[in-house]
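Worksheet for the structure shown next.
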Amino acid sequence: MVKSAAKTKTIAILVAQDFQDMEVMYPYYRFREAGFHVEVLGVTKGETYKGKYGYPVVADVSIKVAKSARYDAVIVPGGWAPDFMRREPHFAKFVAEMNKAGKLVGSICHGGWICASADILRGRTVTFFSAIRDDVVNAGAKFVDRECVVDGNLITARKPDDIPAWTSAMLGFLGN
């Protein structure tokens with residue numbers, strides 16, 4: 001059943017080459033199923049980005065022109081994509097603007113690198129893939145090893161196995 005509140009909300013999913021396939025595809029379809037409008041943001045509109053395991057997604061909007069005011073939430077997946085996203089400052093700027101507006105920032109796995117680049121981790125409790133623990137701690141966060149952590153509008157998770165809890169927490173934040 002589609003909830004009416006979802007129909008008015010738009011979710012941005014950030015992508016670059018080699019994203020973690022499940023960390024994009026699962027929320028993409030789960031949010032659509034719940035009635036949200038979902039847009040994929042990449043460097044180039046219309047470009048096809050492939051995940052680590054080959055799943056393709058096409059960018060609906062270029063991050064270079066995306067306006068954070070248009071979105072209710074942003075999802076920052078992991079995989080190797082965050083390493084490429086950090087090379088394009090518009091990704092971190094977008095995430096910082098979403099956070100400043102109190103909008104949902106959902107980040108998983110290596111997506112914490114974008115949160116660090118956006119300088120939104122200082123003083124917050126988070127969980128991400130253990131390999132980036134030092135990076136997020138050095139960015140000012142308290143790192144914990146949990147399936148999912150909600151710290152205000154920032155909802156984080158470690159790995160694909162955590163996606164159901166992470167997605168449920170994000171849907172709860174958005175009132176679904």
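So you can find residues: chains in the structure tokens are A, B, ... in the order shown, residues in each start at 1, and ligands are numbered from 1 in order.
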Task: In region 16-151 of chain A, DSSP helix (DSSP H, G or I) residues written as a ChimeraX atom specification - done: /A:21-33,68-70,81-85,89-100,109-117,130-138
Open item on the list: For Thr127 (chain A), find every residue with an atom within 6 Å (counting only C-alpha atoms), except residues of its own chain fewer than 3 positions away, and show them as a list in words.
Closed with: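 So the residues in contact are Phe143, Val144, Asp145, Thr156, Ala157 and Arg158 of chain A.
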TODO: With a distance cut-off of 10 Å and only C-alpha atoms, select the neighbouring residues of Pro56 (chain A), excluding the residue or stretch itself and same-chain residues fewer than 3 positions from it, and output the selection as an NGL selection string.
DONE: :A and (17-19 or 21 or 25 or 47-53 or 59)
C-alpha atoms of the current selection, written as a short mmCIF file (atom, residue, chain, number, x, y, z; two decimals), in the first residue's frame:
data_model
loop_
_atom_site.label_atom_id
_atom_site.label_comp_id
_atom_site.auth_asym_id
_atom_site.auth_seq_id
_atom_site.Cartn_x
_atom_site.Cartn_y
_atom_site.Cartn_z
CA GLN A 17 31.20 3.97 -11.01
CA ASP A 18 31.53 0.82 -8.94
CA PHE A 19 28.79 1.56 -6.39
CA ASP A 21 24.95 -2.78 -6.22
CA MET A 25 19.17 -1.15 -5.94
CA GLU A 47 25.18 8.45 -18.05
CA THR A 48 24.96 4.78 -17.15
CA TYR A 49 26.92 3.85 -14.04
CA LYS A 50 27.65 0.21 -13.27
CA GLY A 51 27.93 -1.26 -9.83
CA LYS A 52 30.75 -3.49 -8.63
CA TYR A 53 28.77 -6.50 -9.82
CA ALA A 59 21.65 9.20 -13.74
#
Task: Between CA of Gly152 (chain A) and CA of Glu88 (chain A), distance in Å (one decimal) - done: 26.4 Å
Please tabulate, as a Markdown table, the residues of region 51-142 of chain A that come within 12 Å of region 31-34 of chain A, each with its closest pair of atoms and the distance in Å to one decimal, counting only C-alpha atoms and ordering rows by chain, then residue number upward.
| residue | atom | partner | partner_atom | distance |
| --- | --- | --- | --- | --- |
| A:Ala73 | CA | A:Phe31 | CA | 10.8 |
| A:Val74 | CA | A:Phe31 | CA | 11.7 |
| A:Ile75 | CA | A:Phe31 | CA | 10.8 |
Based on DSSP run over this structure's backbone, return all residues of chain A in strand (DSSP E or B), as a short mmCIF file (atom, residue, chain, number, x, y, z; two decimals) with C-alpha atoms, in the first residue's frame.
data_model
loop_
_atom_site.label_atom_id
_atom_site.label_comp_id
_atom_site.auth_asym_id
_atom_site.auth_seq_id
_atom_site.Cartn_x
_atom_site.Cartn_y
_atom_site.Cartn_z
CA THR A 10 11.62 12.90 -3.50
CA ILE A 11 14.66 10.79 -2.66
CA ALA A 12 18.11 11.32 -4.20
CA ILE A 13 20.47 8.37 -4.56
CA LEU A 14 24.06 9.30 -5.33
CA PHE A 19 28.79 1.56 -6.39
CA HIS A 37 9.77 9.60 -6.22
CA VAL A 38 13.38 8.43 -6.53
CA GLU A 39 16.04 10.14 -8.64
CA VAL A 40 19.57 8.95 -9.32
CA LEU A 41 22.24 11.68 -9.20
CA GLY A 42 25.56 11.17 -10.96
CA THR A 48 24.96 4.78 -17.15
CA TYR A 49 26.92 3.85 -14.04
CA LYS A 50 27.65 0.21 -13.27
CA PRO A 56 23.52 -0.50 -14.33
CA VAL A 57 21.71 2.65 -13.29
CA VAL A 58 21.20 5.79 -15.35
CA VAL A 61 20.12 14.42 -12.77
CA SER A 62 23.68 15.75 -12.77
CA ALA A 73 16.41 12.68 1.55
CA VAL A 74 19.73 11.60 0.13
CA ILE A 75 21.13 8.09 0.10
CA VAL A 76 24.90 7.68 -0.05
CA GLY A 79 31.28 0.25 -2.75
CA LEU A 104 17.52 12.68 5.90
CA VAL A 105 21.07 11.64 5.07
CA GLY A 106 21.25 7.86 4.78
CA SER A 107 24.76 6.50 4.34
CA ILE A 108 26.15 2.98 4.32
CA THR A 125 27.55 8.63 16.52
CA VAL A 126 27.80 6.52 13.38
CA LYS A 142 32.05 8.39 17.49
CA PHE A 143 32.21 5.04 15.69
CA CYS A 148 22.18 0.66 12.04
CA VAL A 149 22.64 3.93 13.92
CA VAL A 150 20.21 6.85 13.95
CA ASP A 151 21.72 10.15 15.06
CA LEU A 154 21.85 10.93 9.88
CA ILE A 155 21.14 7.21 9.52
CA THR A 156 24.12 4.93 8.95
CA ALA A 157 24.78 1.24 8.41
#
Task: Separation of CA of Val95 (chain A) from CA of Asp72 (chain A), in Å and rounded to one decimal - done: 11.6 Å
Open item on the list: Report, in Å with one decimal, the straight-line distance from CA of Gln20 (chain A) to CA of Gly78 (chain A).
Closed with: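 Value for the CA of Gln20 (chain A)-CA of Gly78 (chain A) distance: 5.4 Å.
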Shell around region 129-132 of chain A at 7 Å using only C-alpha atoms, local window under 4 positions removed, as a PDB file with N, CA and C atoms, in the first residue's frame:
ATOM      1  N   CYS A 109      28.220   1.760   4.481  1.00  0.00           N
ATOM      2  CA  CYS A 109      29.486   1.193   4.024  1.00  0.00           C
ATOM      3  C   CYS A 109      30.553   2.274   3.854  1.00  0.00           C
ATOM      4  N   HIS A 110      31.102   2.424   2.664  1.00  0.00           N
ATOM      5  CA  HIS A 110      32.116   3.445   2.398  1.00  0.00           C
ATOM      6  C   HIS A 110      31.491   4.806   2.096  1.00  0.00           C
ATOM      7  N   VAL A 136      36.320   8.177   9.702  1.00  0.00           N
ATOM      8  CA  VAL A 136      35.173   8.860  10.304  1.00  0.00           C
ATOM      9  C   VAL A 136      35.486   9.353  11.719  1.00  0.00           C
ATOM     10  N   ARG A 158      26.469  -0.496   8.180  1.00  0.00           N
ATOM     11  CA  ARG A 158      27.804  -1.016   7.884  1.00  0.00           C
ATOM     12  C   ARG A 158      27.971  -1.642   6.507  1.00  0.00           C
ATOM     13  N   LYS A 159      26.996  -2.482   6.096  1.00  0.00           N
ATOM     14  CA  LYS A 159      27.216  -3.360   4.935  1.00  0.00           C
ATOM     15  C   LYS A 159      25.877  -3.846   4.391  1.00  0.00           C
TER      16      LYS A 159
END
Do you know which residues are at most 12 Å from Ser117 (chain A) counting only C-alpha atoms, after dropping those on the same chain fewer than 3 positions away, and could you put them as a PDB file with C-alpha atoms, in the first residue's frame?
ATOM      1  CA  PRO A  82      32.544   7.137  -2.777  1.00  0.00           C
ATOM      2  CA  ASP A  83      36.227   7.260  -3.722  1.00  0.00           C
ATOM      3  CA  MET A  85      32.471  10.845  -5.686  1.00  0.00           C
ATOM      4  CA  ARG A  86      35.022  12.585  -3.458  1.00  0.00           C
ATOM      5  CA  ARG A  87      36.773  13.802  -6.606  1.00  0.00           C
ATOM      6  CA  GLU A  88      33.665  15.797  -7.571  1.00  0.00           C
ATOM      7  CA  PRO A  89      33.025  18.411  -4.827  1.00  0.00           C
ATOM      8  CA  HIS A  90      29.356  18.802  -5.743  1.00  0.00           C
ATOM      9  CA  PHE A  91      28.577  15.473  -4.042  1.00  0.00           C
ATOM     10  CA  ALA A  92      29.904  16.604  -0.643  1.00  0.00           C
ATOM     11  CA  LYS A  93      28.308  20.042  -1.054  1.00  0.00           C
ATOM     12  CA  PHE A  94      24.919  18.444  -1.768  1.00  0.00           C
ATOM     13  CA  VAL A  95      25.165  16.171   1.288  1.00  0.00           C
ATOM     14  CA  ALA A  96      26.248  19.100   3.487  1.00  0.00           C
ATOM     15  CA  HIS A 110      32.116   3.445   2.398  1.00  0.00           C
ATOM     16  CA  GLY A 111      29.486   6.181   1.944  1.00  0.00           C
ATOM     17  CA  GLY A 112      30.893   7.561   5.184  1.00  0.00           C
ATOM     18  CA  TRP A 113      33.722   9.033   3.130  1.00  0.00           C
ATOM     19  CA  ILE A 114      31.262  11.453   1.516  1.00  0.00           C
ATOM     20  CA  ILE A 120      28.721  16.385   8.847  1.00  0.00           C
ATOM     21  CA  LEU A 121      30.194  13.785  11.222  1.00  0.00           C
ATOM     22  CA  ARG A 122      31.622  16.001  13.947  1.00  0.00           C
ATOM     23  CA  ASP A 135      38.502   8.175   8.591  1.00  0.00           C
ATOM     24  CA  VAL A 136      35.173   8.860  10.304  1.00  0.00           C
ATOM     25  CA  ASN A 138      39.279  11.582  12.393  1.00  0.00           C
ATOM     26  CA  ALA A 139      36.310  13.510  10.949  1.00  0.00           C
ATOM     27  CA  GLY A 140      34.987  13.864  14.513  1.00  0.00           C
TER      28      GLY A 140
END
